[in-house]
Amino acid sequence: MTLRLSNGLVEEIRREGERAYPAECCGVLAGRAAPVKEVSRLLPVMNRRTDDPHRYLISPDDLRAIEAQLRRSGQEVLGCYHSHPDHPAAPSAFDTEQAWPWYSYIIVRVDHGHAAELTSWVLEDDRSKMRLESIDVLSEV
Amino acid sequence: MSVTVSIPTPLRPYTAGRDTVELAGDNVRQVLDGLVARHTGLKRHLMQDDGRLRNFVNLYLNETDIRHLASTATPVRSGDVLTIVPSIAGGSPATAEAQAALSHAEMLRYSRHLLLPEVGVTGQRKLKAARVLVVGAGGLGSPVSLYLAAAGVGTVGIVDFDVVDLTNLQRQIVHGTSMLGRLKLDSAEDRLTDLNPNVTVERHETRLTSQNALEVISQYDIVVDGTDNFPTRYLVNDACVLLGKPNVYGSIFRFEGQASLFHAKQGPCYRCLYSEPPPPGLVPSCAEGGVLGVLPGIIGSIQALETIKWIIGAGNPLLGRLVLFDALKLRFRELELRKDPTCPICGTNPTIRELIDYEAFCGIGLEPAYAGPEISAEELRQEMSEKGADLALIDVREPHEWEIVHIEGARLIPLNQLPERLSELDGHAEIVTHCHHGARSMKALEILRGAGFGKVRSLAGGIDAWAERVELGMARY
């Protein structure tokens with residue numbers, strides 16, 4: 001599977017990761033699912049986990065509100081993005097445990113406050129692990 | 001008579017792309033069971049192995065979260081809409097347990113653990129994430145650190161400042177002959193990382209003191225007490241109580257040992273058991289009284305076991321119980337321990353709120369020991385050759401020590417027999433007493449002086465000094 005998004009949105013995720021550092025940022029990827037998943041906007045979301053700076057949670061109420069808002073413009077939730085402050089841009093065991101199928105999970109590594117690599121992951125059908133998804137970055141003219 | 005289940009986008013690959021499914025049922029549970037029976041691929045994403053809903057799966061009956069109703073027992077009526085709503089969670093692997101994923105090599109190494117449902121992958125990851133402090137790399141610290149490292153405890157801190165001595169190796173099996181004279185920390189680190197390279201050994205080359213104990217112990221989840229003296233034992237206990245850490249206690253002497261798990265938040269502490277230390281000198285150390293080498297192997301293994309059980313949360317911990325072991329009878333006994341409400345540190349009105357001076361508390365250095373006149377090993381040799389039979393050399397050690405080695409021309413009168421056997425001694429002769437290192441000899445001197453013997457001296461450093469500096473071919477112990 002491939003996830004398509006513009007380099008402007010990639011930069012936006014990276015900047016948000018830097019702004020949130022040393023905490024994590026999180027948000028929803030929205031766009032069209034067919035013919036390929038293409039992200040057209042980012043929806044930063046309030047992190048509902050306040051007990052642990054290394055955890056994020058988008059609550060079901062927030063997600064319902066976002067879905068209702070997107071439905072009007074024919075878009076849907078394609079996944080989410082979050083940052084790994086000073087940790088590799090690979091899913092943690094917790095990421096995998098908590099993952100939904102089909103959704104794209106973008107992770108950006110933020111090293112000492114500077115955004116580094118950015119990757120996208122999709123859960124395997126048997127929930128055993130997350131596999132790397134290719135990102136098709138579109139240049140904006 | 002049917003309920004409409006609304007399927008979120010990520011689950012539609014499992015419902016042939018459909019966004020709603022019509023199902024019958026009396027309550028939410030029945031509808032869900034019907035859903036996963038019809039679309040089997042959904043089950044593993046919605047439910048855990050035990051059938052309960054995964055924590056990121058939220059269900060709304062019409063507009064209400066079923067957690068605010070009767071959860072999955074909530075009754076449903078025809079026409080109701082049951083909506084599956086995702087919550088999306090994750091995070092970086094910064095929490096220790098999340099970081100503690102197991103590699104394939106680790107899976108294989110811990111295979112015999114993973115086969116136990118009480119340990120399993122979850123328990124093994126808890127072990128990997130755990131930080132355990134072992135105080136002392138000696139008789140108890142050896143089996144404790146070896147088994148913790150072998151079991152895959154991720155971080156083992158060791159406090160020790162001593163070097164490996166030949167007399168250690170009869171029981172301190174983490175060290176080896178090739179390590180003689182080197183720091184016990186170096187020796188233990190080499191052995192533990194050879195046993196399991198996945199273990200991080202953190203070195204604390206220091207004596208644990210009231211000044212550093214809180215800082216050192218605060219870095220760990222659980223403390224294993226492998227100390228051989230009372231001041232450090234009370235220090236470890238008090239620091240653990242103040243920091244709220246569990247303290248796995250063990251002690252050994254000759255053929256007997258004891259073990260318990262102290263955790264003031266949930267049970268008694270060491271002071272609830274022994275509020276005061278014994279008077280100094282009453283309880284001999286292992287160096288003075290001896291210890292069967294395998295005994296710390298048994299008690300230390302119990303400490304390692306309790307540490308591992310505590311980390312993985314399996315079984316009944318040794319909380320509120322004191323295990324007493326008698327090696328000669330091969331008998332275990334168990335005493336029930338109660339939390340003492342008047343305990344000065346963990347009771348209802350604690351009087352100890354910070355670490356104190358434990359040397360003073362245990363009476364060490366307060367009462368100066370009797371100090372009579374001494375004679376050096378070299379002077380003794382000189383005088384023995386000059387005076388011959390006019391100088392009586394009295395060995396106050398035990399007969400089994402005499403059997404190991406003795407000085408030619410000496411006479412054996414064990415210290416505890418001395419008061420009754422004073423008549424065997426010539427009150428006008430010059431007398432020199434000796435023991436192993438000098439402590440018992442000084443007590444003998446006190447007895448002799450008290451009985452009126454005037455010309456008595458003690459061999460400084462005992463037979464050990466004699467063997468080291470005068471009779472070089474002599475065995476030492």
# chains A, B, ... in the order shown; residues from 1 in each chain; ligands from 1
>>> residues_around(residues="segment 14-27 of chain A", least_positions_apart="6", cutoff="8 Å", atoms="only C-alpha atoms", output="mmCIF file with C-alpha atoms, in the first residue's frame")
data_model
loop_
_atom_site.group_PDB
_atom_site.id
_atom_site.type_symbol
_atom_site.label_atom_id
_atom_site.label_comp_id
_atom_site.auth_asym_id
_atom_site.auth_seq_id
_atom_site.Cartn_x
_atom_site.Cartn_y
_atom_site.Cartn_z
ATOM 1 C CA LEU A 42 -4.062 17.354 8.821
ATOM 2 C CA LEU A 43 -6.223 17.779 11.870
ATOM 3 C CA PRO A 44 -4.116 18.348 14.986
ATOM 4 C CA VAL A 45 -5.906 16.832 17.949
ATOM 5 C CA MET A 46 -5.735 17.476 21.640
ATOM 6 C CA ASN A 47 -3.760 14.656 23.255
ATOM 7 C CA PRO A 53 4.372 12.514 27.889
ATOM 8 C CA HIS A 54 5.273 9.421 25.848
ATOM 9 C CA ARG A 55 1.703 8.434 25.119
ATOM 10 C CA TYR A 56 -0.978 9.940 22.931
ATOM 11 C CA ILE A 58 -7.291 10.565 20.357
ATOM 12 C CA CYS A 80 -2.950 9.451 12.263
ATOM 13 C CA TYR A 81 0.467 10.927 12.829
ATOM 14 C CA HIS A 82 2.542 11.264 15.962
ATOM 15 C CA SER A 83 6.115 12.075 16.954
ATOM 16 C CA HIS A 84 8.755 9.999 18.726
ATOM 17 C CA PRO A 85 10.903 12.467 20.672
ATOM 18 C CA VAL A 108 8.257 11.398 12.848
ATOM 19 C CA ARG A 109 11.426 11.187 14.872
ATOM 20 C CA VAL A 110 12.332 14.413 16.654
ATOM 21 C CA HIS A 112 16.823 17.091 20.379
ATOM 22 C CA GLY A 113 14.064 19.246 19.025
ATOM 23 C CA HIS A 114 14.864 18.756 15.334
ATOM 24 C CA ALA A 115 12.617 16.661 13.123
ATOM 25 C CA ALA A 116 14.458 13.723 11.545
ATOM 26 C CA LEU A 118 9.393 10.354 8.859
ATOM 27 C CA GLY B 91 3.443 6.527 21.804
#
>>> interface_residues(of="chain B", to="chain A", cutoff="7 Å", atoms="only C-alpha atoms", output="list in words")
Pro10, Leu11, Phe56, Asn58, Val85, Pro86, Ser87, Ile88, Ala89, Gly90, Gly91, Ser92, Pro93, Ala94, Ala98 and Ala101 of chain B
>>> atom_distance(atom1="atom CA of Glu378 of chain B", atom2="atom CA of Glu403 of chain B")
23.4 Å
>>> closest_residue(among="B:Thr193, B:Thr15, B:Ser275, B:Ser441", to="Cys346 of chain B", atoms="only C-alpha atoms")
B:Ser275
>>> closest_residue(among="A:Arg4, A:Arg41, A:Arg32, A:Arg72", to="Glu133 of chain A", atoms="only C-alpha atoms")
A:Arg4
>>> select_by_dssp(residues="segment 283-341 of chain B", states="strand (DSSP E)", output="count of residues only")
12
>>> residues_around(residues="segment 123-136 of chain B", least_positions_apart="5", cutoff="8 Å", atoms="only C-alpha atoms", output="ChimeraX atom specification")
/B:96-97,99-102,110,113-114,118,141,144-145,151-160,217,219-227,308,311-312
>>> write_last_selection(atoms="C-alpha atoms", output="mmCIF file, in the first residue's frame")
data_model
loop_
_atom_site.group_PDB
_atom_site.id
_atom_site.type_symbol
_atom_site.label_atom_id
_atom_site.label_comp_id
_atom_site.auth_asym_id
_atom_site.auth_seq_id
_atom_site.Cartn_x
_atom_site.Cartn_y
_atom_site.Cartn_z
ATOM 1 C CA ALA B 96 10.761 1.053 29.986
ATOM 2 C CA GLU B 97 8.302 -1.734 29.425
ATOM 3 C CA GLN B 99 11.165 -0.504 25.124
ATOM 4 C CA ALA B 100 11.571 -4.007 26.374
ATOM 5 C CA ALA B 101 10.605 -5.798 23.196
ATOM 6 C CA LEU B 102 12.312 -9.180 22.911
ATOM 7 C CA TYR B 110 14.194 -17.303 27.566
ATOM 8 C CA HIS B 113 10.349 -18.931 30.719
ATOM 9 C CA LEU B 114 8.070 -18.148 27.798
ATOM 10 C CA GLU B 118 2.890 -17.217 34.621
ATOM 11 C CA GLY B 141 24.948 -11.300 46.073
ATOM 12 C CA VAL B 144 21.236 -13.355 43.443
ATOM 13 C CA SER B 145 23.067 -11.514 40.659
ATOM 14 C CA ALA B 151 16.558 -14.653 34.096
ATOM 15 C CA GLY B 152 16.897 -11.567 31.915
ATOM 16 C CA VAL B 153 16.510 -8.736 34.419
ATOM 17 C CA GLY B 154 17.427 -5.804 32.195
ATOM 18 C CA THR B 155 19.428 -3.753 34.671
ATOM 19 C CA VAL B 156 21.298 -5.107 37.678
ATOM 20 C CA GLY B 157 22.951 -2.482 39.881
ATOM 21 C CA ILE B 158 25.643 -3.721 42.267
ATOM 22 C CA VAL B 159 27.022 -1.894 45.289
ATOM 23 C CA ASP B 160 30.452 -3.164 46.377
ATOM 24 C CA ILE B 217 18.397 3.188 45.781
ATOM 25 C CA GLN B 219 17.266 4.627 40.780
ATOM 26 C CA TYR B 220 15.909 1.083 41.201
ATOM 27 C CA ASP B 221 12.567 -0.712 41.416
ATOM 28 C CA ILE B 222 13.528 -3.272 44.030
ATOM 29 C CA VAL B 223 16.487 -3.845 46.350
ATOM 30 C CA VAL B 224 18.102 -7.147 47.302
ATOM 31 C CA ASP B 225 19.942 -6.984 50.603
ATOM 32 C CA GLY B 226 23.104 -9.074 50.472
ATOM 33 C CA THR B 227 24.904 -7.252 53.258
ATOM 34 C CA ILE B 308 11.587 -12.361 40.022
ATOM 35 C CA ILE B 311 8.612 -8.281 39.103
ATOM 36 C CA ILE B 312 6.327 -10.563 37.108
#
>>> atom_distance(atom1="atom CA of Gln258 of chain B", atom2="atom CA of Pro350 of chain B")
26.2 Å
>>> residues_around(residues="segment 353-362 of chain B", least_positions_apart="3", cutoff="10 Å", atoms="only C-alpha atoms", output="PyMOL selection string")
chain B and resi 209-211+213-214+229-236+238-239+241-242+276-280+344-346+350+365-367
>>> residues_around(residues="segment 301-303 of chain B", least_positions_apart="4", cutoff="9 Å", atoms="only C-alpha atoms", output="PDB file with N, CA and C atoms, in the first residue's frame")
ATOM      1  N   LEU B 140      25.670 -13.857  49.324  1.00  0.00           N
ATOM      2  CA  LEU B 140      24.282 -13.780  48.865  1.00  0.00           C
ATOM      3  C   LEU B 140      24.203 -13.106  47.504  1.00  0.00           C
ATOM      4  N   PRO B 143      24.712 -15.665  44.090  1.00  0.00           N
ATOM      5  CA  PRO B 143      23.598 -16.347  43.434  1.00  0.00           C
ATOM      6  C   PRO B 143      22.502 -15.376  43.014  1.00  0.00           C
ATOM      7  N   VAL B 144      22.277 -14.324  43.799  1.00  0.00           N
ATOM      8  CA  VAL B 144      21.236 -13.355  43.443  1.00  0.00           C
ATOM      9  C   VAL B 144      21.542 -12.753  42.079  1.00  0.00           C
ATOM     10  N   TYR B 147      21.441 -15.372  39.106  1.00  0.00           N
ATOM     11  CA  TYR B 147      20.104 -15.794  38.669  1.00  0.00           C
ATOM     12  C   TYR B 147      19.296 -14.641  38.082  1.00  0.00           C
ATOM     13  N   VAL B 224      17.790  -5.856  46.687  1.00  0.00           N
ATOM     14  CA  VAL B 224      18.102  -7.147  47.302  1.00  0.00           C
ATOM     15  C   VAL B 224      19.247  -6.914  48.280  1.00  0.00           C
ATOM     16  N   ASP B 225      18.978  -7.237  49.548  1.00  0.00           N
ATOM     17  CA  ASP B 225      19.942  -6.984  50.603  1.00  0.00           C
ATOM     18  C   ASP B 225      20.873  -8.191  50.750  1.00  0.00           C
ATOM     19  N   VAL B 248      14.302  -7.149  49.481  1.00  0.00           N
ATOM     20  CA  VAL B 248      14.345  -8.607  49.607  1.00  0.00           C
ATOM     21  C   VAL B 248      15.495  -8.967  50.535  1.00  0.00           C
ATOM     22  N   TYR B 249      15.135  -9.420  51.715  1.00  0.00           N
ATOM     23  CA  TYR B 249      16.109  -9.617  52.792  1.00  0.00           C
ATOM     24  C   TYR B 249      16.572 -11.066  52.875  1.00  0.00           C
ATOM     25  N   GLY B 250      17.853 -11.239  53.154  1.00  0.00           N
ATOM     26  CA  GLY B 250      18.384 -12.570  53.425  1.00  0.00           C
ATOM     27  C   GLY B 250      19.551 -12.438  54.377  1.00  0.00           C
ATOM     28  N   ALA B 259      15.096 -15.510  55.317  1.00  0.00           N
ATOM     29  CA  ALA B 259      14.756 -14.645  54.187  1.00  0.00           C
ATOM     30  C   ALA B 259      13.343 -14.109  54.362  1.00  0.00           C
ATOM     31  N   SER B 260      13.107 -12.922  53.822  1.00  0.00           N
ATOM     32  CA  SER B 260      11.763 -12.350  53.816  1.00  0.00           C
ATOM     33  C   SER B 260      11.710 -11.252  52.748  1.00  0.00           C
ATOM     34  N   LEU B 261      10.515 -10.775  52.495  1.00  0.00           N
ATOM     35  CA  LEU B 261      10.333  -9.646  51.590  1.00  0.00           C
ATOM     36  C   LEU B 261       9.704  -8.528  52.398  1.00  0.00           C
ATOM     37  N   PRO B 296      24.596 -19.674  51.495  1.00  0.00           N
ATOM     38  CA  PRO B 296      24.161 -18.483  50.764  1.00  0.00           C
ATOM     39  C   PRO B 296      23.591 -18.824  49.395  1.00  0.00           C
ATOM     40  N   GLY B 297      24.002 -19.967  48.832  1.00  0.00           N
ATOM     41  CA  GLY B 297      23.412 -20.393  47.558  1.00  0.00           C
ATOM     42  C   GLY B 297      21.928 -20.620  47.703  1.00  0.00           C
ATOM     43  N   THR B 307      12.472 -11.880  44.110  1.00  0.00           N
ATOM     44  CA  THR B 307      12.629 -10.693  43.268  1.00  0.00           C
ATOM     45  C   THR B 307      11.927 -10.911  41.928  1.00  0.00           C
ATOM     46  N   ILE B 308      12.163 -12.063  41.334  1.00  0.00           N
ATOM     47  CA  ILE B 308      11.587 -12.361  40.022  1.00  0.00           C
ATOM     48  C   ILE B 308      10.060 -12.462  40.130  1.00  0.00           C
TER      49      ILE B 308
END
>>> select_by_dssp(residues="segment 65-106 of chain A", states="alpha helix (DSSP H)", output="list of chain:residue names")
A:Ala65, A:Ile66, A:Glu67, A:Ala68, A:Gln69, A:Leu70, A:Arg71, A:Ala93, A:Phe94, A:Asp95, A:Thr96, A:Glu97, A:Gln98
>>> write_last_selection(atoms="C-alpha atoms", output="PDB file, in the first residue's frame")
ATOM      1  CA  ALA A  65     -16.643  14.916  15.796  1.00  0.00           C
ATOM      2  CA  ILE A  66     -13.869  14.858  13.189  1.00  0.00           C
ATOM      3  CA  GLU A  67     -15.636  12.192  11.151  1.00  0.00           C
ATOM      4  CA  ALA A  68     -18.872  14.175  11.172  1.00  0.00           C
ATOM      5  CA  GLN A  69     -17.007  17.260  10.012  1.00  0.00           C
ATOM      6  CA  LEU A  70     -15.163  15.360   7.247  1.00  0.00           C
ATOM      7  CA  ARG A  71     -18.238  13.590   5.977  1.00  0.00           C
ATOM      8  CA  ALA A  93       5.321  -2.260  21.005  1.00  0.00           C
ATOM      9  CA  PHE A  94       2.525  -0.076  22.391  1.00  0.00           C
ATOM     10  CA  ASP A  95       1.868   1.433  18.961  1.00  0.00           C
ATOM     11  CA  THR A  96       1.401  -2.051  17.536  1.00  0.00           C
ATOM     12  CA  GLU A  97      -0.769  -3.251  20.398  1.00  0.00           C
ATOM     13  CA  GLN A  98      -3.087  -0.275  20.007  1.00  0.00           C
TER      14      GLN A  98
END
>>> atom_distance(atom1="atom CA of Ala137 of chain B", atom2="atom CA of Asn198 of chain B")
19.6 Å
>>> closest_residue(among="A:Ser134, A:Ser139, A:Ser120, A:Ser40", to="Met1 of chain A", atoms="only C-alpha atoms")
A:Ser134
